[in-house]
Each structure stands twice: as structure tokens, then as C-alpha cells.
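Comments concern the structure below.
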Amino acid sequence: MLDMGKDPRAVERQERAEQEARRQSEHDEINRLNLLGLDAWADYVREGQEMGFTSRGSWSARHVADHEAMSNAGGQPFKRGKGTAAPGPLHALLARPLVKIDARTVSEWLKTETLKRPARAALAFRLLRAFLN
């Protein structure tokens, strides 16, 4: 290597840096494929609550409550009466990896949710569309 004018230490450093970059790239790809929609949704809601995404500032308490209700897992007992709360309309959809939520999946989800609770499905779809955009 020295005869060719290359410093062996520099070549070794460059190879290590390339290996580290490949390892980091693989790690990032694995994280991207395993990121659940619920995790990204929680980060999105937290960010909106803290500072918002437009010039209007942070989200109101009602807007945050709507987002949380849409992704709620359900199963909590009612505050009054008997029974437990149903899961929010977006919970089943966002429980998937984010990369598997595509137009066809959303379309199928919307058809089934619209039959059960049309007004909540419409709100959930609008919130989901803003989140995905």
C-alpha cells in the first residue's frame, strides 16, 4: 500500500467508516419497518400539543382529546354506568406498522368503520389524513 502511495491507517479508517455507515443504514431500515402507527401517532399528538404545526400555535385541549379518543385502545370502565369503552376508530388501523398503512388498507378500514359509526369515522379519517400528510 505504501508503494502505491496509500496510507494503510487512512484506508482502514475509511473501511471502518463505510462499515459503520452500512450498519447504521440497516438499523434505520429495520426501525422504519417496525415503527407502529400508534407510536408515530403518539409523537404526532405530543408535538401538536406542545407547539403545533401551523402559525396558529399549539393544539387546543379539545383537539388533543379528539386525537387521543380516536386511537384509544378501549377496555376502560365507564365513569358512569356499567360496561367498558370500545376502542377508538383508528386503534386497529394504527396498531399496524406504519409502512403497511396504504391507500387500500385505509379504504377498507373506512368502509367498515363508516357502517358502525359514520360521524366518528369521518372525523377519524380527517385526522388520519392530516397525520399521514
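Labeling convention for the C-alpha cells: chains A, B, ... as they appear, residues from 1 per chain, ligands from 1 in order of appearance.
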Could you pull out the residues in chain A that DSSP calls alpha helix (DSSP H) from the backbone, as a PDB file with C-alpha atoms, in the first residue's frame?
```pdb
ATOM      1  CA  PRO A   8      -2.785   1.920   5.488  1.00  0.00           C
ATOM      2  CA  ARG A   9      -4.196   3.719   8.532  1.00  0.00           C
ATOM      3  CA  ALA A  10      -6.333   6.004   6.353  1.00  0.00           C
ATOM      4  CA  VAL A  11      -7.574   3.054   4.274  1.00  0.00           C
ATOM      5  CA  GLU A  12      -8.507   1.157   7.443  1.00  0.00           C
ATOM      6  CA  ARG A  13     -10.303   4.208   8.867  1.00  0.00           C
ATOM      7  CA  GLN A  14     -12.259   4.611   5.638  1.00  0.00           C
ATOM      8  CA  GLU A  15     -13.277   0.929   5.614  1.00  0.00           C
ATOM      9  CA  ARG A  16     -14.436   1.160   9.239  1.00  0.00           C
ATOM     10  CA  ALA A  17     -16.434   4.298   8.441  1.00  0.00           C
ATOM     11  CA  GLU A  18     -18.088   2.571   5.465  1.00  0.00           C
ATOM     12  CA  GLN A  19     -18.952  -0.470   7.594  1.00  0.00           C
ATOM     13  CA  GLU A  20     -20.439   1.773  10.290  1.00  0.00           C
ATOM     14  CA  ALA A  21     -22.479   3.647   7.680  1.00  0.00           C
ATOM     15  CA  ARG A  22     -23.832   0.334   6.303  1.00  0.00           C
ATOM     16  CA  ARG A  23     -24.659  -0.875   9.826  1.00  0.00           C
ATOM     17  CA  GLN A  24     -26.444   2.401  10.619  1.00  0.00           C
ATOM     18  CA  SER A  25     -28.367   2.232   7.347  1.00  0.00           C
ATOM     19  CA  GLU A  26     -29.530  -1.324   8.103  1.00  0.00           C
ATOM     20  CA  HIS A  27     -30.506  -0.288  11.627  1.00  0.00           C
ATOM     21  CA  ASP A  28     -32.509   2.677  10.304  1.00  0.00           C
ATOM     22  CA  GLU A  29     -34.304   0.444   7.782  1.00  0.00           C
ATOM     23  CA  ILE A  30     -35.235  -2.074  10.491  1.00  0.00           C
ATOM     24  CA  ASN A  31     -36.580   0.738  12.677  1.00  0.00           C
ATOM     25  CA  ARG A  32     -38.572   2.139   9.745  1.00  0.00           C
ATOM     26  CA  LEU A  33     -40.163  -1.233   9.039  1.00  0.00           C
ATOM     27  CA  ASN A  34     -41.031  -1.870  12.691  1.00  0.00           C
ATOM     28  CA  GLY A  37     -48.580   3.686  13.636  1.00  0.00           C
ATOM     29  CA  LEU A  38     -49.568   4.136  17.299  1.00  0.00           C
ATOM     30  CA  ASP A  39     -46.024   5.176  18.222  1.00  0.00           C
ATOM     31  CA  ALA A  40     -45.837   7.711  15.406  1.00  0.00           C
ATOM     32  CA  TRP A  41     -49.362   8.935  16.278  1.00  0.00           C
ATOM     33  CA  ALA A  42     -48.355   9.478  19.921  1.00  0.00           C
ATOM     34  CA  ASP A  43     -45.323  11.518  18.825  1.00  0.00           C
ATOM     35  CA  TYR A  44     -47.514  13.492  16.412  1.00  0.00           C
ATOM     36  CA  VAL A  45     -50.064  14.316  19.131  1.00  0.00           C
ATOM     37  CA  ARG A  46     -47.340  15.275  21.621  1.00  0.00           C
ATOM     38  CA  GLU A  47     -45.721  17.583  19.054  1.00  0.00           C
ATOM     39  CA  GLY A  48     -49.067  19.185  18.190  1.00  0.00           C
ATOM     40  CA  GLN A  49     -49.885  19.671  21.861  1.00  0.00           C
ATOM     41  CA  GLU A  50     -46.530  21.279  22.634  1.00  0.00           C
ATOM     42  CA  ALA A  61     -57.305  20.618  24.711  1.00  0.00           C
ATOM     43  CA  ARG A  62     -60.392  19.531  22.742  1.00  0.00           C
ATOM     44  CA  HIS A  63     -58.357  18.823  19.615  1.00  0.00           C
ATOM     45  CA  VAL A  64     -55.848  16.763  21.602  1.00  0.00           C
ATOM     46  CA  ALA A  65     -58.712  14.869  23.288  1.00  0.00           C
ATOM     47  CA  ASP A  66     -60.189  14.045  19.857  1.00  0.00           C
ATOM     48  CA  HIS A  67     -56.853  12.634  18.697  1.00  0.00           C
ATOM     49  CA  GLU A  68     -56.476  10.563  21.856  1.00  0.00           C
ATOM     50  CA  ALA A  69     -60.050   9.260  21.647  1.00  0.00           C
ATOM     51  CA  MET A  70     -59.525   8.149  18.045  1.00  0.00           C
ATOM     52  CA  HIS A  91     -56.790   1.972  17.037  1.00  0.00           C
ATOM     53  CA  ALA A  92     -56.924  -1.174  14.883  1.00  0.00           C
ATOM     54  CA  LEU A  93     -55.506   0.652  11.870  1.00  0.00           C
ATOM     55  CA  LEU A  94     -52.660   2.349  13.769  1.00  0.00           C
ATOM     56  CA  ALA A 103     -54.469   3.641   0.440  1.00  0.00           C
ATOM     57  CA  ARG A 104     -56.110   0.223   0.058  1.00  0.00           C
ATOM     58  CA  THR A 105     -55.857  -0.504   3.780  1.00  0.00           C
ATOM     59  CA  VAL A 106     -57.309   2.886   4.688  1.00  0.00           C
ATOM     60  CA  SER A 107     -60.114   2.444   2.157  1.00  0.00           C
ATOM     61  CA  GLU A 108     -61.104  -0.941   3.606  1.00  0.00           C
ATOM     62  CA  TRP A 109     -60.891   0.412   7.142  1.00  0.00           C
ATOM     63  CA  LEU A 110     -63.071   3.396   6.246  1.00  0.00           C
ATOM     64  CA  LYS A 111     -65.757   1.189   4.680  1.00  0.00           C
ATOM     65  CA  THR A 112     -66.099  -0.948   7.801  1.00  0.00           C
ATOM     66  CA  GLU A 113     -65.920   1.976  10.243  1.00  0.00           C
ATOM     67  CA  THR A 114     -68.500   4.001   8.297  1.00  0.00           C
ATOM     68  CA  LEU A 115     -71.031   1.210   8.750  1.00  0.00           C
ATOM     69  CA  LYS A 116     -70.549   1.184  12.543  1.00  0.00           C
ATOM     70  CA  PRO A 118     -70.225   7.222  10.372  1.00  0.00           C
ATOM     71  CA  ALA A 119     -69.641  10.566  12.119  1.00  0.00           C
ATOM     72  CA  ARG A 120     -66.691   9.304  14.175  1.00  0.00           C
ATOM     73  CA  ALA A 121     -65.264   7.554  11.106  1.00  0.00           C
ATOM     74  CA  ALA A 122     -65.391  10.808   9.155  1.00  0.00           C
ATOM     75  CA  LEU A 123     -63.556  12.675  11.915  1.00  0.00           C
ATOM     76  CA  ALA A 124     -61.060   9.845  12.290  1.00  0.00           C
ATOM     77  CA  PHE A 125     -60.376   9.879   8.547  1.00  0.00           C
ATOM     78  CA  ARG A 126     -59.760  13.636   8.530  1.00  0.00           C
ATOM     79  CA  LEU A 127     -57.355  13.354  11.480  1.00  0.00           C
ATOM     80  CA  LEU A 128     -55.614  10.371   9.893  1.00  0.00           C
ATOM     81  CA  ARG A 129     -55.227  12.178   6.569  1.00  0.00           C
ATOM     82  CA  ALA A 130     -53.617  15.168   8.290  1.00  0.00           C
ATOM     83  CA  PHE A 131     -51.340  12.849  10.268  1.00  0.00           C
ATOM     84  CA  LEU A 132     -50.181  10.923   7.198  1.00  0.00           C
TER      85      LEU A 132
END
```
Item to check | Minimum-distance residue to Pro89 of chain A, chosen among A:Pro77, A:Ser71, A:Thr54, A:Asp102 (using only C-alpha atoms) | outcome: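 Nearest to Pro89 of chain A: A:Ser71.
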Next on the checklist: One number please: atom CA of Leu36 of chain A to atom CA of Gly88 of chain A, in Å, one decimal.
Outcome noted: 16.2 Å
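Atom CA of Arg117 of chain A sits 18.9 Å away from atom CA of Phe78 of chain A.
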Checklist entry - Could you pull out the strand (DSSP E or B) residues of segment 1-129 of chain A from DSSP and send them as a ChimeraX atom specification? => result /A:36,77,84,97
Checklist entry - Which value, in Å to one decimal, gives the distance between atom CA of Ala85 of chain A and atom CA of Val99 of chain A? => result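 According to the coordinates, atom CA of Ala85 of chain A and atom CA of Val99 of chain A are separated by 28.4 Å.
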Checklist entry - Using only C-alpha atoms, which of A:Asn72, A:Met1, A:Asp7, A:Phe53 sits nearest Ala95 of chain A? => result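 Among the listed residues, A:Asn72 lies closest to Ala95 of chain A.
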